[in-house]
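Trainee: The structure under discussion is supplied below as structure tokens; questions concerning it will follow.
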Amino acid sequence: MAARRFTRRAATGGLILLIIPAGLLAYFWYSAWHTSHVNDQRRQAALTSILAQARDATTDTTHALNTNSTTDTDALTGIIWQHTHAPLIAYDASRRTFTATASRSADYSEEVLLPGGGPVTVNRCFTFTSTRGTSAIWTTTMTEQDEQLCRPGQTIDHRATLAKERIRNMSAAQLTRADVTQALDPAHQQDTYVVKDTVRHGQTVTITILIRAQRDVSATAAQCYQFTRNLDGNDAERTTASMPIGTC
């Protein structure tokens with residue numbers, strides 16, 4: 001009798017030992033599936049947000065171009081930049097077409113099984129093509145591109161931000177072509193920064209710079225940028241604005 005009770009208890013204990021790891025395995029399997037499912041949903045929401053940004057930029061650019069009567073290339077480049085935030089904007093005069101290349105991003109919080117996780121950034125590359133038709137009506141189309149296409153523009157954007165910061169930190173007396181060149185291109189190689197001109201208008205200085213994506217001058221993307229620095233002595237922040245322009 002005692003032997004039977006022992007056998008039953010042993011069998012029950014063995015069954016419990018089998019159930020516990022099976023339950024843990026099922027729990028971890030479900031947790032992994034749930035985490036992956038949640039992350040997929042969040043990533044898709046981030047992608048949806050990016051596409052919405054790009055579509056809004058397309059609509060806003062078209063509207064702005066059609067409500068402005070200017071035909072100046074620099075002014076049109078500025079309008080497109082305001083709505084696409086594209087660091088690289090090319091103009092094809094023969095086709096009367098502007099092509100703006102810009103990266104869009106959105107963040108989502110990644111869920112993980114173990115402590116860690118955190119924000120994840122999703123990036124997408126787009127071209128915004130604005131064309132003025134024979135009826136003088138502007139149309140803008142948006143196309144998603146391989147991320148590789150946006151990398152030159154990202155480099156130019158970084159260099160433009162760096163140039164803006166250095167110009168902001170220069171004294172009013174230093175805002176000459178020679179001194180700005182020295183600040184941005186100490187070796188005078190004229191490979192990534194070429195300072196084209198500096199012009200004073202009252203309490204502002206306008207500086208025009210050609211910025212290249214790479215040192216290889218013969219085969220690299222480039223964009224003209226205009227930097228406007230406030231010289232007002234009461235402006236403690238030394239307000240400095242920058243934007244791409246069509247020619248320099």
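Going by the structure tokens order, chains are called A, B, ..., each with residues numbered from 1, while ligands are numbered from 1 in the order shown.
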What's around region 59-62 of chain A at 12 Å? Count only C-alpha atoms, leave out sequence neighbours fewer than 2 positions away in its own chain, and write the answer as a ChimeraX atom specification.
Mentor: /A:52-57,64-68,76-86,98-100,128-132,137-142
Trainee: Excluding Ile211 (chain A) and residues on its chain fewer than 2 positions from it, collect all residues at most 10 Å away from it, counting only C-alpha atoms, and give them as a count of residues only.
Mentor: 22
Trainee: Per DSSP on the backbone, what are the alpha helix (DSSP H) residues of region 17-244 of chain A, as an MDAnalysis selection string?
Mentor: chainID A and resid 17:66 73:84 151:168 177:184
Trainee: Need to verify the contact set: Thr228 (chain A), 8 Å, only C-alpha atoms, exclusion of same-chain residues closer than 6 positions in sequence. Can you return it as an MDAnalysis selection string?
Mentor: chainID A and resid 204:207 240:242
Trainee: Convert the current residue selection to file output with all heavy atoms, as a PDB file, in the first residue's frame.
Mentor:
```pdb
ATOM      1  N   THR A 204      22.510  93.451 -41.504  1.00  0.00           N
ATOM      2  CA  THR A 204      22.643  92.025 -41.837  1.00  0.00           C
ATOM      3  C   THR A 204      23.797  91.815 -42.806  1.00  0.00           C
ATOM      4  O   THR A 204      24.168  92.709 -43.565  1.00  0.00           O
ATOM      5  CB  THR A 204      21.359  91.457 -42.465  1.00  0.00           C
ATOM      6  OG1 THR A 204      21.092  92.156 -43.693  1.00  0.00           O
ATOM      7  CG2 THR A 204      20.181  91.594 -41.527  1.00  0.00           C
ATOM      8  N   VAL A 205      24.340  90.627 -42.765  1.00  0.00           N
ATOM      9  CA  VAL A 205      25.344  90.198 -43.737  1.00  0.00           C
ATOM     10  C   VAL A 205      24.827  88.928 -44.404  1.00  0.00           C
ATOM     11  O   VAL A 205      24.388  87.995 -43.718  1.00  0.00           O
ATOM     12  CB  VAL A 205      26.706  89.912 -43.075  1.00  0.00           C
ATOM     13  CG1 VAL A 205      27.680  89.304 -44.086  1.00  0.00           C
ATOM     14  CG2 VAL A 205      27.302  91.172 -42.500  1.00  0.00           C
ATOM     15  N   THR A 206      24.857  88.904 -45.730  1.00  0.00           N
ATOM     16  CA  THR A 206      24.440  87.725 -46.485  1.00  0.00           C
ATOM     17  C   THR A 206      25.681  87.046 -47.054  1.00  0.00           C
ATOM     18  O   THR A 206      26.481  87.684 -47.745  1.00  0.00           O
ATOM     19  CB  THR A 206      23.481  88.105 -47.629  1.00  0.00           C
ATOM     20  OG1 THR A 206      22.329  88.746 -47.075  1.00  0.00           O
ATOM     21  CG2 THR A 206      23.047  86.871 -48.395  1.00  0.00           C
ATOM     22  N   ILE A 207      25.832  85.772 -46.747  1.00  0.00           N
ATOM     23  CA  ILE A 207      27.007  85.007 -47.173  1.00  0.00           C
ATOM     24  C   ILE A 207      26.542  83.852 -48.054  1.00  0.00           C
ATOM     25  O   ILE A 207      25.648  83.083 -47.662  1.00  0.00           O
ATOM     26  CB  ILE A 207      27.782  84.461 -45.960  1.00  0.00           C
ATOM     27  CG1 ILE A 207      28.172  85.619 -45.032  1.00  0.00           C
ATOM     28  CG2 ILE A 207      29.015  83.689 -46.400  1.00  0.00           C
ATOM     29  CD1 ILE A 207      28.640  85.175 -43.664  1.00  0.00           C
ATOM     30  N   THR A 240      21.080  83.789 -36.906  1.00  0.00           N
ATOM     31  CA  THR A 240      21.627  83.415 -38.209  1.00  0.00           C
ATOM     32  C   THR A 240      20.643  82.457 -38.897  1.00  0.00           C
ATOM     33  O   THR A 240      20.227  81.468 -38.292  1.00  0.00           O
ATOM     34  CB  THR A 240      22.992  82.718 -38.060  1.00  0.00           C
ATOM     35  OG1 THR A 240      23.860  83.549 -37.308  1.00  0.00           O
ATOM     36  CG2 THR A 240      23.613  82.430 -39.419  1.00  0.00           C
ATOM     37  N   ALA A 241      20.271  82.782 -40.121  1.00  0.00           N
ATOM     38  CA  ALA A 241      19.367  81.918 -40.894  1.00  0.00           C
ATOM     39  C   ALA A 241      20.113  81.342 -42.090  1.00  0.00           C
ATOM     40  O   ALA A 241      21.096  81.914 -42.565  1.00  0.00           O
ATOM     41  CB  ALA A 241      18.165  82.730 -41.376  1.00  0.00           C
ATOM     42  N   SER A 242      19.659  80.201 -42.546  1.00  0.00           N
ATOM     43  CA  SER A 242      20.284  79.578 -43.725  1.00  0.00           C
ATOM     44  C   SER A 242      19.227  78.886 -44.558  1.00  0.00           C
ATOM     45  O   SER A 242      18.223  78.397 -44.032  1.00  0.00           O
ATOM     46  CB  SER A 242      21.349  78.575 -43.306  1.00  0.00           C
ATOM     47  OG  SER A 242      20.775  77.482 -42.618  1.00  0.00           O
TER      48      SER A 242
END
```
Trainee: Tell me, as number ranges by chain, which residues lie within 10 Å of Ala106 (chain A), counting only C-alpha atoms; anything in the same chain fewer than 6 positions away does not count.
Mentor: A: 43, 45-50, 53, 119-124
Trainee: Please produce a file of the residues just selected, as a compact mmCIF listing (two decimals), in the first residue's frame, where the atoms kept are N, CA, C and O atoms.
Mentor:
```txt
# COMPACT_ATOMS: atom_id res chain seq x y z
N ARG A 43 6.15 50.01 -35.62
CA ARG A 43 6.98 50.34 -36.79
C ARG A 43 6.09 50.76 -37.96
O ARG A 43 6.38 51.72 -38.67
N ALA A 45 3.14 52.07 -37.73
CA ALA A 45 2.60 53.39 -37.42
C ALA A 45 3.62 54.48 -37.73
O ALA A 45 3.27 55.56 -38.23
N ALA A 46 4.90 54.20 -37.46
CA ALA A 46 5.96 55.16 -37.77
C ALA A 46 6.08 55.37 -39.28
O ALA A 46 6.22 56.50 -39.76
N LEU A 47 6.00 54.27 -40.03
CA LEU A 47 6.06 54.37 -41.49
C LEU A 47 4.86 55.14 -42.04
O LEU A 47 5.00 55.95 -42.96
N THR A 48 3.70 54.89 -41.47
CA THR A 48 2.50 55.62 -41.88
C THR A 48 2.66 57.11 -41.63
O THR A 48 2.27 57.95 -42.44
N SER A 49 3.26 57.45 -40.48
CA SER A 49 3.51 58.85 -40.15
C SER A 49 4.46 59.50 -41.15
O SER A 49 4.25 60.64 -41.59
N ILE A 50 5.50 58.76 -41.55
CA ILE A 50 6.47 59.29 -42.52
C ILE A 50 5.79 59.56 -43.86
O ILE A 50 6.00 60.62 -44.48
N GLN A 53 3.73 62.63 -43.66
CA GLN A 53 4.58 63.82 -43.74
C GLN A 53 4.93 64.15 -45.20
O GLN A 53 4.88 65.30 -45.62
N PRO A 119 13.99 54.06 -27.88
CA PRO A 119 13.49 54.60 -29.14
C PRO A 119 14.23 54.04 -30.36
O PRO A 119 15.45 53.83 -30.32
N VAL A 120 13.49 53.80 -31.41
CA VAL A 120 14.05 53.34 -32.69
C VAL A 120 13.61 54.32 -33.76
O VAL A 120 12.45 54.74 -33.79
N THR A 121 14.53 54.71 -34.62
CA THR A 121 14.24 55.67 -35.68
C THR A 121 14.08 54.95 -37.01
O THR A 121 14.92 54.13 -37.39
N VAL A 122 12.99 55.26 -37.70
CA VAL A 122 12.74 54.73 -39.04
C VAL A 122 12.96 55.86 -40.04
O VAL A 122 12.45 56.97 -39.86
N ASN A 123 13.74 55.60 -41.07
CA ASN A 123 14.05 56.61 -42.09
C ASN A 123 13.56 56.18 -43.46
O ASN A 123 13.61 54.99 -43.79
N ARG A 124 13.12 57.14 -44.24
CA ARG A 124 12.77 56.90 -45.63
C ARG A 124 13.25 58.08 -46.47
O ARG A 124 13.29 59.22 -46.01
```
Trainee: Hey, can you check how far CA of Gly133 (chain A) sits from CA of Arg104 (chain A)?
Mentor: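 Computing the Euclidean distance for CA of Gly133 (chain A) and CA of Arg104 (chain A) yields 27.4 Å.
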